[in-house]
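The structure file input-v3.pdb is reproduced below (PDB, C-alpha atoms).
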```
ATOM      1  CA  MET A   1      38.551  -0.508   1.590
ATOM      2  CA  LEU A   2      36.583   2.349   3.085
ATOM      3  CA  SER A   3      37.236   3.359   6.672
ATOM      4  CA  PHE A   4      34.601   2.673   9.316
ATOM      5  CA  GLU A   5      33.962   6.426   9.469
ATOM      6  CA  ASP A   6      33.255   6.574   5.721
ATOM      7  CA  ILE A   7      30.972   3.528   5.913
ATOM      8  CA  HIS A   8      29.029   5.116   8.762
ATOM      9  CA  ARG A   9      28.745   8.415   6.872
ATOM     10  CA  ILE A  10      27.398   6.689   3.748
ATOM     11  CA  ALA A  11      24.884   4.640   5.734
ATOM     12  CA  VAL A  12      23.588   7.751   7.514
ATOM     13  CA  GLN A  13      23.247   9.610   4.222
ATOM     14  CA  VAL A  14      21.297   6.737   2.644
ATOM     15  CA  ILE A  15      18.911   6.616   5.593
ATOM     16  CA  GLU A  16      18.432  10.381   5.606
ATOM     17  CA  ASN A  17      17.925  10.508   1.824
ATOM     18  CA  GLU A  18      15.342   7.722   1.883
ATOM     19  CA  ALA A  19      13.548   9.292   4.848
ATOM     20  CA  SER A  20      13.417  12.578   2.959
ATOM     21  CA  ALA A  21      12.083  10.817  -0.146
ATOM     22  CA  ILE A  22       9.299   9.148   1.856
ATOM     23  CA  LYS A  23       8.374  12.412   3.545
ATOM     24  CA  GLY A  24       8.065  13.928   0.082
ATOM     25  CA  LEU A  25       5.268  11.487  -0.815
ATOM     26  CA  ALA A  26       2.684  13.196   1.397
ATOM     27  CA  PRO A  27       2.357  16.329  -0.778
ATOM     28  CA  LEU A  28       1.914  14.083  -3.847
ATOM     29  CA  LEU A  29      -1.247  12.486  -2.475
ATOM     30  CA  ASP A  30      -4.308  13.799  -4.271
ATOM     31  CA  ARG A  31      -7.926  12.785  -4.797
ATOM     32  CA  SER A  32      -6.800   9.754  -6.786
ATOM     33  CA  PHE A  33      -5.623   8.057  -3.620
ATOM     34  CA  GLY A  34      -9.082   8.219  -2.038
ATOM     35  CA  GLU A  35     -10.678   7.075  -5.285
ATOM     36  CA  VAL A  36      -8.343   4.064  -5.395
ATOM     37  CA  VAL A  37      -9.177   3.135  -1.811
ATOM     38  CA  LYS A  38     -12.904   3.360  -2.650
ATOM     39  CA  LEU A  39     -12.427   1.174  -5.732
ATOM     40  CA  MET A  40     -10.586  -1.449  -3.711
ATOM     41  CA  LEU A  41     -13.222  -1.436  -0.989
ATOM     42  CA  GLU A  42     -16.007  -1.931  -3.523
ATOM     43  CA  SER A  43     -14.143  -4.454  -5.684
ATOM     44  CA  LYS A  44     -15.852  -7.816  -6.118
ATOM     45  CA  GLY A  45     -12.668  -9.399  -7.422
ATOM     46  CA  ASN A  46      -9.002  -9.576  -6.486
ATOM     47  CA  ILE A  47      -6.446  -6.800  -6.522
ATOM     48  CA  VAL A  48      -3.754  -7.950  -8.944
ATOM     49  CA  PHE A  49      -0.326  -6.419  -8.284
ATOM     50  CA  SER A  50       2.313  -6.571 -10.984
ATOM     51  CA  GLY A  51       5.697  -5.199 -11.997
ATOM     52  CA  VAL A  52       9.171  -6.103 -13.236
ATOM     53  CA  GLY A  53      12.486  -6.290 -11.399
ATOM     54  CA  LYS A  54      12.569  -4.564  -8.007
ATOM     55  CA  SER A  55       9.040  -3.276  -8.636
ATOM     56  CA  ALA A  56       7.866  -6.877  -8.947
ATOM     57  CA  ILE A  57       9.373  -7.712  -5.562
ATOM     58  CA  ILE A  58       7.630  -4.719  -3.984
ATOM     59  CA  ALA A  59       4.369  -5.656  -5.736
ATOM     60  CA  GLN A  60       4.610  -9.149  -4.269
ATOM     61  CA  LYS A  61       5.130  -7.745  -0.780
ATOM     62  CA  ILE A  62       2.180  -5.344  -1.072
ATOM     63  CA  ALA A  63      -0.043  -8.201  -2.234
ATOM     64  CA  ALA A  64       1.039 -10.213   0.812
ATOM     65  CA  THR A  65       0.267  -7.286   3.118
ATOM     66  CA  MET A  66      -3.153  -6.846   1.532
ATOM     67  CA  ASN A  67      -4.005 -10.522   1.943
ATOM     68  CA  SER A  68      -2.993 -10.518   5.597
ATOM     69  CA  THR A  69      -5.163  -7.477   6.311
ATOM     70  CA  GLY A  70      -8.384  -8.548   4.650
ATOM     71  CA  THR A  71      -8.010  -7.433   1.016
ATOM     72  CA  SER A  72      -7.908 -10.393  -1.359
ATOM     73  CA  SER A  73      -4.896  -9.925  -3.645
ATOM     74  CA  VAL A  74      -2.619 -11.828  -5.996
ATOM     75  CA  PHE A  75       0.781 -11.170  -7.517
ATOM     76  CA  MET A  76       1.447 -11.496 -11.245
ATOM     77  CA  HIS A  77       4.901 -10.898 -12.697
ATOM     78  CA  ALA A  78       4.587  -8.609 -15.718
ATOM     79  CA  ALA A  79       7.051 -10.653 -17.781
ATOM     80  CA  ASP A  80       5.192 -13.891 -17.058
ATOM     81  CA  ALA A  81       1.855 -12.219 -17.760
ATOM     82  CA  ILE A  82       2.646 -11.750 -21.439
ATOM     83  CA  HIS A  83       3.697 -15.386 -21.661
ATOM     84  CA  GLY A  84       0.555 -17.010 -20.299
ATOM     85  CA  ASP A  85      -0.060 -15.728 -16.773
ATOM     86  CA  LEU A  86      -2.466 -13.059 -17.988
ATOM     87  CA  GLY A  87      -5.144 -15.659 -17.245
ATOM     88  CA  ILE A  88      -4.725 -14.771 -13.547
ATOM     89  CA  ILE A  89      -6.803 -11.628 -14.161
ATOM     90  CA  ARG A  90     -10.582 -12.031 -13.905
ATOM     91  CA  ASP A  91     -13.316  -9.677 -15.070
ATOM     92  CA  ASP A  92     -13.914  -8.008 -11.681
ATOM     93  CA  ASP A  93     -10.240  -7.636 -10.762
ATOM     94  CA  LEU A  94      -8.385  -4.357 -10.339
ATOM     95  CA  VAL A  95      -4.845  -4.309 -11.700
ATOM     96  CA  VAL A  96      -2.113  -2.312  -9.947
ATOM     97  CA  LEU A  97       1.057  -1.858 -11.988
ATOM     98  CA  LEU A  98       4.252  -0.703 -10.275
ATOM     99  CA  SER A  99       7.085   0.951 -12.174
ATOM    100  CA  LYS A 100       9.634   3.613 -11.373
ATOM    101  CA  SER A 101      10.003   4.890 -14.944
ATOM    102  CA  GLY A 102       6.613   3.907 -16.286
ATOM    103  CA  GLU A 103       8.390   2.967 -19.517
ATOM    104  CA  THR A 104       9.383  -0.640 -18.757
ATOM    105  CA  PRO A 105       8.992  -2.678 -21.992
ATOM    106  CA  GLU A 106       7.079  -5.527 -20.354
ATOM    107  CA  VAL A 107       4.659  -3.085 -18.724
ATOM    108  CA  LYS A 108       4.146  -1.235 -22.008
ATOM    109  CA  VAL A 109       3.204  -4.536 -23.660
ATOM    110  CA  LEU A 110       0.947  -5.510 -20.759
ATOM    111  CA  VAL A 111      -1.079  -2.288 -20.480
ATOM    112  CA  PRO A 112      -3.030  -2.544 -23.772
ATOM    113  CA  LEU A 113      -3.774  -6.219 -23.081
ATOM    114  CA  ILE A 114      -5.322  -5.310 -19.731
ATOM    115  CA  LYS A 115      -7.250  -2.413 -21.255
ATOM    116  CA  LEU A 116      -8.558  -4.756 -23.938
ATOM    117  CA  ARG A 117      -9.966  -6.968 -21.172
ATOM    118  CA  GLY A 118     -11.724  -3.954 -19.647
ATOM    119  CA  ASN A 119     -10.016  -4.079 -16.238
ATOM    120  CA  THR A 120      -9.256  -0.868 -14.339
ATOM    121  CA  ILE A 121      -5.538  -0.032 -14.201
ATOM    122  CA  ILE A 122      -3.995   1.688 -11.201
ATOM    123  CA  ALA A 123      -0.414   2.886 -11.603
ATOM    124  CA  ILE A 124       2.050   3.283  -8.750
ATOM    125  CA  VAL A 125       4.647   5.113 -10.785
ATOM    126  CA  GLY A 126       7.590   7.459 -10.316
ATOM    127  CA  ASN A 127       7.057   9.455 -13.513
ATOM    128  CA  ARG A 128       3.734  11.194 -14.172
ATOM    129  CA  ASP A 129       4.717  11.894 -17.791
ATOM    130  CA  SER A 130       5.363   8.231 -18.569
ATOM    131  CA  TYR A 131       3.455   5.857 -20.811
ATOM    132  CA  LEU A 132       2.058   3.973 -17.814
ATOM    133  CA  ALA A 133       0.848   7.143 -16.088
ATOM    134  CA  ARG A 134      -0.878   8.348 -19.258
ATOM    135  CA  GLN A 135      -2.609   5.017 -19.886
ATOM    136  CA  ALA A 136      -3.688   4.220 -16.312
ATOM    137  CA  ASP A 137      -7.163   4.989 -15.010
ATOM    138  CA  HIS A 138      -5.728   6.166 -11.683
ATOM    139  CA  VAL A 139      -2.209   7.287 -10.805
ATOM    140  CA  LEU A 140      -0.502   7.183  -7.425
ATOM    141  CA  ASP A 141       2.616   9.316  -7.740
ATOM    142  CA  VAL A 142       5.752   7.952  -6.034
ATOM    143  CA  THR A 143       8.266  10.277  -7.660
ATOM    144  CA  VAL A 144      11.482  10.683  -5.673
ATOM    145  CA  GLY A 145      14.201  13.247  -6.256
ATOM    146  CA  ASN A 146      17.080  10.774  -6.113
ATOM    147  CA  GLU A 147      17.972   7.333  -4.908
ATOM    148  CA  GLY A 148      19.500   6.621  -1.523
ATOM    149  CA  PHE A 149      23.004   7.779  -2.447
ATOM    150  CA  PRO A 150      24.292  10.084  -5.203
ATOM    151  CA  GLY A 151      25.439   8.160  -8.251
ATOM    152  CA  ASN A 152      23.711   4.983  -7.101
ATOM    153  CA  PRO A 153      21.815   3.431 -10.045
ATOM    154  CA  ALA A 154      20.051   0.738  -7.994
ATOM    155  CA  PRO A 155      16.463   1.400  -6.914
ATOM    156  CA  THR A 156      16.506   2.292  -3.227
ATOM    157  CA  SER A 157      14.450   5.379  -2.405
ATOM    158  CA  SER A 158      12.154   4.683  -5.352
ATOM    159  CA  SER A 159      11.347   1.106  -4.317
ATOM    160  CA  THR A 160      10.926   2.203  -0.696
ATOM    161  CA  ALA A 161       8.446   4.835  -1.889
ATOM    162  CA  GLN A 162       6.435   2.169  -3.719
ATOM    163  CA  LEU A 163       6.396   0.034  -0.594
ATOM    164  CA  VAL A 164       5.227   2.897   1.609
ATOM    165  CA  MET A 165       2.444   3.781  -0.830
ATOM    166  CA  GLY A 166       1.292   0.170  -0.705
ATOM    167  CA  ASP A 167       1.357   0.223   3.087
ATOM    168  CA  ALA A 168      -0.685   3.430   3.096
ATOM    169  CA  LEU A 169      -3.310   1.743   0.923
ATOM    170  CA  ALA A 170      -3.398  -1.348   3.123
ATOM    171  CA  VAL A 171      -3.769   0.605   6.358
ATOM    172  CA  CYS A 172      -6.501   2.834   4.920
ATOM    173  CA  LEU A 173      -8.392  -0.247   3.761
ATOM    174  CA  MET A 174      -8.006  -1.801   7.222
ATOM    175  CA  GLN A 175      -9.394   1.298   8.892
ATOM    176  CA  CYS A 176     -12.280   1.566   6.449
ATOM    177  CA  ARG A 177     -13.248  -2.052   7.112
ATOM    178  CA  GLY A 178     -12.779  -1.823  10.864
ATOM    179  CA  PHE A 179     -10.256  -4.639  10.582
ATOM    180  CA  SER A 180      -9.376  -5.683  14.158
ATOM    181  CA  THR A 181      -6.549  -7.600  15.825
ATOM    182  CA  ASP A 182      -8.922 -10.567  16.085
ATOM    183  CA  ASP A 183      -9.426 -10.420  12.314
ATOM    184  CA  PHE A 184      -5.666 -10.168  11.846
ATOM    185  CA  ALA A 185      -5.153 -13.235  14.026
ATOM    186  CA  LYS A 186      -7.408 -15.300  11.747
ATOM    187  CA  PHE A 187      -4.950 -14.742   8.902
ATOM    188  CA  HIS A 188      -1.843 -15.388  11.073
ATOM    189  CA  PRO A 189      -2.485 -18.652  12.936
ATOM    190  CA  GLY A 190       1.147 -19.781  12.723
ATOM    191  CA  GLY A 191       4.383 -18.593  14.251
ATOM    192  CA  ALA A 192       5.051 -16.312  17.198
ATOM    193  CA  LEU A 193       3.003 -13.461  15.750
ATOM    194  CA  GLY A 194      -0.091 -15.592  15.353
ATOM    195  CA  LYS A 195       0.198 -17.019  18.844
ATOM    196  CA  GLN A 196       0.495 -13.537  20.321
ATOM    197  CA  LEU A 197      -2.796 -12.650  18.691
ATOM    198  CA  TYR A 198      -4.941 -15.705  19.402
ATOM    199  CA  LEU A 199      -3.401 -17.955  22.079
ATOM    200  CA  ARG A 200      -5.323 -17.644  25.364
ATOM    201  CA  VAL A 201      -4.261 -18.415  28.913
ATOM    202  CA  ARG A 202      -6.884 -21.193  29.029
ATOM    203  CA  ASP A 203      -5.024 -22.960  26.217
ATOM    204  CA  LEU A 204      -1.903 -23.400  28.377
ATOM    205  CA  TYR A 205      -2.677 -23.519  32.080
ATOM    206  CA  VAL A 206      -4.836 -26.653  31.715
ATOM    207  CA  ASN A 207      -1.682 -28.636  30.898
ATOM    208  CA  ASN A 208      -0.256 -27.885  34.353
ATOM    209  CA  GLU A 209      -1.001 -29.359  37.748
ATOM    210  CA  LYS A 210      -2.985 -27.148  40.125
ATOM    211  CA  PRO A 211      -0.835 -26.348  43.182
ATOM    212  CA  GLU A 212      -3.122 -25.460  46.072
ATOM    213  CA  VAL A 213      -2.858 -25.319  49.869
ATOM    214  CA  GLY A 214      -5.025 -23.988  52.669
ATOM    215  CA  PRO A 215      -4.114 -20.987  54.826
ATOM    216  CA  ASP A 216      -3.452 -23.146  57.922
ATOM    217  CA  ASP A 217      -1.482 -25.866  56.155
ATOM    218  CA  SER A 218       1.996 -26.559  57.517
ATOM    219  CA  LEU A 219       5.275 -25.682  55.876
ATOM    220  CA  ALA A 220       5.851 -29.364  55.116
ATOM    221  CA  THR A 221       2.525 -29.540  53.278
ATOM    222  CA  VAL A 222       3.434 -26.428  51.259
ATOM    223  CA  ILE A 223       6.839 -27.826  50.257
ATOM    224  CA  ILE A 224       5.371 -31.194  49.275
ATOM    225  CA  GLU A 225       2.673 -29.506  47.157
ATOM    226  CA  MET A 226       5.217 -27.283  45.415
ATOM    227  CA  THR A 227       7.468 -30.283  44.743
ATOM    228  CA  LYS A 228       4.663 -32.501  43.408
ATOM    229  CA  LYS A 229       3.170 -29.840  41.112
ATOM    230  CA  ARG A 230       6.583 -28.618  39.858
ATOM    231  CA  LEU A 231       5.622 -24.998  39.163
ATOM    232  CA  GLY A 232       7.815 -23.307  41.745
ATOM    233  CA  ALA A 233       4.798 -22.057  43.677
ATOM    234  CA  ALA A 234       1.754 -23.020  45.703
ATOM    235  CA  VAL A 235      -1.439 -20.976  45.722
ATOM    236  CA  VAL A 236      -3.165 -20.409  49.049
ATOM    237  CA  THR A 237      -6.966 -20.617  48.819
ATOM    238  CA  ASP A 238      -9.985 -20.759  51.059
ATOM    239  CA  HIS A 239     -12.997 -22.513  49.515
ATOM    240  CA  GLY A 240     -11.704 -21.805  46.009
ATOM    241  CA  GLN A 241     -11.048 -18.113  46.657
ATOM    242  CA  LEU A 242      -7.469 -17.009  46.182
ATOM    243  CA  LEU A 243      -5.761 -15.587  49.282
ATOM    244  CA  GLY A 244      -2.115 -15.507  48.263
ATOM    245  CA  ILE A 245       0.819 -17.301  46.685
ATOM    246  CA  ILE A 246       3.972 -18.914  48.052
ATOM    247  CA  THR A 247       6.990 -19.120  45.757
ATOM    248  CA  ASP A 248      10.464 -20.595  46.094
ATOM    249  CA  GLY A 249      11.668 -17.116  46.977
ATOM    250  CA  ASP A 250       9.096 -16.833  49.767
ATOM    251  CA  LEU A 251      10.434 -20.057  51.277
ATOM    252  CA  ARG A 252      14.000 -18.765  51.293
ATOM    253  CA  ARG A 253      12.945 -15.480  52.867
ATOM    254  CA  MET A 254      10.898 -17.367  55.448
ATOM    255  CA  LEU A 255      14.004 -19.183  56.684
ATOM    256  CA  LEU A 256      15.525 -15.823  57.634
ATOM    257  CA  LYS A 257      12.435 -14.717  59.581
ATOM    258  CA  HIS A 258      11.144 -17.939  61.176
ATOM    259  CA  PRO A 259      13.770 -19.990  63.008
ATOM    260  CA  ASP A 260      11.045 -22.352  64.310
ATOM    261  CA  ILE A 261       9.884 -23.645  60.939
ATOM    262  CA  ASP A 262       7.805 -26.471  62.454
ATOM    263  CA  SER A 263       5.121 -24.007  63.556
ATOM    264  CA  VAL A 264       4.952 -21.946  60.357
ATOM    265  CA  LYS A 265       1.608 -21.886  58.542
ATOM    266  CA  ALA A 266       0.965 -21.121  54.886
ATOM    267  CA  HIS A 267      -0.830 -17.819  55.533
ATOM    268  CA  GLU A 268       2.195 -16.506  57.457
ATOM    269  CA  ILE A 269       4.601 -16.694  54.533
ATOM    270  CA  MET A 270       2.337 -16.185  51.546
ATOM    271  CA  THR A 271       2.323 -13.036  49.415
ATOM    272  CA  PRO A 272      -1.251 -11.750  49.736
ATOM    273  CA  HIS A 273      -3.207 -10.346  46.796
ATOM    274  CA  PRO A 274      -0.784 -11.644  44.124
ATOM    275  CA  LYS A 275      -0.869 -10.640  40.476
ATOM    276  CA  THR A 276      -3.343 -12.810  38.577
ATOM    277  CA  ILE A 277      -4.565 -13.350  35.027
ATOM    278  CA  ASP A 278      -7.985 -14.334  33.708
ATOM    279  CA  GLU A 279      -8.217 -17.571  31.726
ATOM    280  CA  ASN A 280      -9.681 -15.691  28.743
ATOM    281  CA  ASP A 281      -6.824 -13.187  28.525
ATOM    282  CA  LEU A 282      -4.189 -13.497  25.825
ATOM    283  CA  VAL A 283      -1.001 -15.349  26.675
ATOM    284  CA  ALA A 284       0.840 -12.281  25.382
ATOM    285  CA  ASP A 285      -0.842 -10.248  28.154
ATOM    286  CA  ALA A 286       0.284 -12.800  30.740
ATOM    287  CA  LEU A 287       3.846 -12.524  29.454
ATOM    288  CA  GLN A 288       3.731  -8.737  29.638
ATOM    289  CA  LYS A 289       2.454  -8.879  33.220
ATOM    290  CA  MET A 290       5.220 -11.308  34.207
ATOM    291  CA  ARG A 291       7.876  -9.102  32.666
ATOM    292  CA  HIS A 292       6.493  -5.934  34.244
ATOM    293  CA  ASN A 293       6.402  -7.492  37.721
ATOM    294  CA  SER A 294       9.563  -9.645  37.412
ATOM    295  CA  ILE A 295       7.710 -12.876  38.210
ATOM    296  CA  THR A 296       7.594 -16.270  36.522
ATOM    297  CA  GLN A 297       4.086 -17.545  37.295
ATOM    298  CA  LEU A 298       0.561 -16.205  37.573
ATOM    299  CA  PRO A 299      -2.473 -17.733  39.282
ATOM    300  CA  VAL A 300      -5.275 -18.106  36.741
ATOM    301  CA  LEU A 301      -8.825 -17.049  37.566
ATOM    302  CA  SER A 302     -12.132 -18.065  36.023
ATOM    303  CA  ASN A 303     -15.095 -15.938  37.067
ATOM    304  CA  GLY A 304     -13.004 -14.792  40.014
ATOM    305  CA  SER A 305     -12.128 -18.289  41.258
ATOM    306  CA  TYR A 306      -8.690 -19.899  41.209
ATOM    307  CA  VAL A 307      -8.377 -22.605  38.536
ATOM    308  CA  GLY A 308      -4.637 -23.068  37.932
ATOM    309  CA  VAL A 309      -1.266 -21.528  37.204
ATOM    310  CA  ILE A 310       0.432 -20.380  34.017
ATOM    311  CA  HIS A 311       4.241 -20.382  34.108
ATOM    312  CA  LEU A 312       6.796 -18.488  32.062
ATOM    313  CA  HIS A 313       8.126 -21.826  30.812
ATOM    314  CA  ASP A 314       4.724 -22.580  29.262
ATOM    315  CA  ILE A 315       4.926 -19.364  27.262
ATOM    316  CA  LEU A 316       8.545 -19.902  26.223
ATOM    317  CA  LYS A 317       7.692 -23.419  25.070
ATOM    318  CA  GLU A 318       5.022 -21.996  22.770
ATOM    319  CA  GLY A 319       7.434 -19.435  21.320
ATOM    320  CA  VAL A 320       5.262 -16.448  22.264
ATOM    321  CA  LEU A 321       7.981 -13.788  22.351
TER     322      LEU A 321
END
```
Would you mind writing the file's structure down as structure tokens?
Amino acid sequence: MLSFEDIHRIAVQVIENEASAIKGLAPLLDRSFGEVVKLMLESKGNIVFSGVGKSAIIAQKIAATMNSTGTSSVFMHAADAIHGDLGIIRDDDLVVLLSKSGETPEVKVLVPLIKLRGNTIIAIVGNRDSYLARQADHVLDVTVGNEGFPGNPAPTSSSTAQLVMGDALAVCLMQCRGFSTDDFAKFHPGGALGKQLYLRVRDLYVNNEKPEVGPDDSLATVIIEMTKKRLGAAVVTDHGQLLGIITDGDLRRMLLKHPDIDSVKAHEIMTPHPKTIDENDLVADALQKMRHNSITQLPVLSNGSYVGVIHLHDILKEGVL
């Protein structure tokens, strides 16, 4: 068993070696990269990503990234392709083959079949002198000096390099298309990420009661309103215009300052000019504002008028974190 010191040393070396390998990709970029981006932008078909082993796993991930950022893509395992899945490829598709060595038997069988169909082949390959590199129409070089640790035969730096090259393609395509966060949200409607991108304050606050008191209302009225509406606060308004907010904390602080609580009015204990949020803002923005100001609720405005309250519990319930 290695000591903790040895384990830490190995981990650091792997990270540093992989970081160095990725940094080494930048000088390898040539005109082919721009030509590939242009081809993908102009493609009328899918981008078909394929490989074997670890390269297949990376190809599948790149295809997923492309799909989520507006570039229609599919994954085809190279081994399955030569046993029937070659039918995935259509006439207008571009085919991207990933391989560290460029000499993988399944890829070598697949290449002439794709060429026979007339599809353009793009190689993401770690050996420019390989069969795949020589046969491809465009080559993206992901050659790395060594894997993550000396003597390690498993693909580490090489597969990371493939992944980074795929990310570079995806981001360039996004920028060329002007792909926005709103576009991204359309492809991610589920889960916390999707909700951060599309869920609006108006979608949540309407499910709450609307706690509201006037500036001259009594303390008893304030407490009853806060209790009935169950949001830990009451908003002070005058003809629909927001004046301030009274929270549970304001009530506790009031008891220290006003011994004669029977005469206390709402405007005397409210926090004036509270933080607010517009109903059309993202829920993620409301959460950020709550965190930044250490508060748990925000009055919601519509065209400048008070319409309700959004509470931290609403956001937590939706899983927007």
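Counting only C-alpha atoms and comparing A:Leu140, A:Lys229, A:Asp281, A:Leu243, the residue that lies closest to A:Ala168 is A:Leu140.
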Using all atoms listed in the file, the residue out of A:Ser218, A:Asn119, A:Ser101, A:Gln135 with shortest distance to A:Ile269 is A:Ser218
The PyMOL selection byres ((chain A and resi 76-80) around 7) applied to the shown file, residues as JSON, numbers by chain:
{"A": [48, 49, 50, 51, 52, 56, 74, 75, 81, 82, 83, 84, 85, 106, 107, 110]}
Convert the current residue selection to file output with C-alpha atoms, as a PDB file, keeping the file's coordinate frame.
```pdb
ATOM      1  CA  VAL A  48      -3.754  -7.950  -8.944  1.00  0.00           C
ATOM      2  CA  PHE A  49      -0.326  -6.419  -8.284  1.00  0.00           C
ATOM      3  CA  SER A  50       2.313  -6.571 -10.984  1.00  0.00           C
ATOM      4  CA  GLY A  51       5.697  -5.199 -11.997  1.00  0.00           C
ATOM      5  CA  VAL A  52       9.171  -6.103 -13.236  1.00  0.00           C
ATOM      6  CA  ALA A  56       7.866  -6.877  -8.947  1.00  0.00           C
ATOM      7  CA  VAL A  74      -2.619 -11.828  -5.996  1.00  0.00           C
ATOM      8  CA  PHE A  75       0.781 -11.170  -7.517  1.00  0.00           C
ATOM      9  CA  ALA A  81       1.855 -12.219 -17.760  1.00  0.00           C
ATOM     10  CA  ILE A  82       2.646 -11.750 -21.439  1.00  0.00           C
ATOM     11  CA  HIS A  83       3.697 -15.386 -21.661  1.00  0.00           C
ATOM     12  CA  GLY A  84       0.555 -17.010 -20.299  1.00  0.00           C
ATOM     13  CA  ASP A  85      -0.060 -15.728 -16.773  1.00  0.00           C
ATOM     14  CA  GLU A 106       7.079  -5.527 -20.354  1.00  0.00           C
ATOM     15  CA  VAL A 107       4.659  -3.085 -18.724  1.00  0.00           C
ATOM     16  CA  LEU A 110       0.947  -5.510 -20.759  1.00  0.00           C
TER      17      LEU A 110
END
```
Got a sec to resolve the PyMOL selection byres ((chain A and resi 308) around 6) on this structure and send the residues as an mmCIF file with C-alpha atoms, in the frame of the given file?
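The result, written out as part_30.cif:
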```cif
data_model
loop_
_atom_site.group_PDB
_atom_site.id
_atom_site.type_symbol
_atom_site.label_atom_id
_atom_site.label_comp_id
_atom_site.auth_asym_id
_atom_site.auth_seq_id
_atom_site.Cartn_x
_atom_site.Cartn_y
_atom_site.Cartn_z
ATOM 1 C CA LYS A 210 -2.985 -27.148 40.125
ATOM 2 C CA PRO A 299 -2.473 -17.733 39.282
ATOM 3 C CA VAL A 300 -5.275 -18.106 36.741
ATOM 4 C CA VAL A 307 -8.377 -22.605 38.536
ATOM 5 C CA VAL A 309 -1.266 -21.528 37.204
#
```
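When the PyMOL selection byres ((chain A and resi 115) around 12) is evaluated on the file shown here, the picked residues come out as Ile89, Asp91, Leu94, Val95, Lys108, Val109, Leu110, Val111, Pro112, Leu113, Ile114, Leu116, Arg117, Gly118, Asn119, Thr120, Ile121, Ile122, Leu132, Gln135, Ala136 and Asp137 of chain A.
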field: Long-range neighbours of stretch 175-178 of chain A as a PyMOL selection string, 10 Å cut-off, all atoms listed in the file, 4 positions minimum in chain
entry: chain A and resi 37-38+41+69-71+170-171+183
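Of the listed residues (A:Ser3, A:Ser72, A:Thr143, A:Asn67), A:Thr143 comes nearest to A:Ala26; the distances count all atoms listed in the file.
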With 3 Å added on each side, what axis-aligned box encloses every listed atom of stretch 286-298 of chain A? Give the centre and edge lengths in Å to one decimal, as lines of an AutoDock Vina configuration file.
```
center_x = 4.9
center_y = -11.7
center_z = 33.8
size_x = 15.3
size_y = 17.6
size_z = 14.8
```
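Nearest residue to A:Val213, choosing from A:Asn146, A:Ser99, A:Gln241, A:Gln60 and counting all atoms listed in the file: A:Gln241.
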Q.
Need the shell around A:Leu231: protein/DNA/RNA residues with any atom at most 8 Å away, counting only C-alpha atoms. Skip same-chain ones fewer than 2 positions apart. Format as an NGL selection string?
A. :A and (211 or 226-227 or 229 or 233-234 or 297 or 309 or 311)
For A:Ile58, the closest of A:Ser73, A:Thr160, A:Asn17, A:Ser32 counting all atoms listed in the file is A:Thr160
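Using only C-alpha atoms, the shortest contact distance between A:Arg230 and any of A:Ala59, A:Ile310, A:Val12, A:Ile7 is found at A:Ile310.
Neighbouring residues of stretch 282-290 of chain A at 6 Å or closer, counting all atoms listed in the file and skipping chain neighbours under 6 positions away, are Gln196, Leu199, Arg200, Val201 and Thr296 of chain A.
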Expressed in Å, the length from atom CA of A:Leu86 to atom CA of A:Lys44 is 18.6 Å
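Interatomic distance, atom CA of A:Val144 to atom CA of A:Leu2: 27.9 Å.
With atom CA of A:Ile22 on one side and atom CA of A:Phe179 on the other, the separation reads 25.5 Å.
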Test item: residues at most 6 Å from A:Gly214, all atoms listed in the file, excluding those fewer than 2 positions along its chain, as a ChimeraX atom specification: /A:216-217,236-237
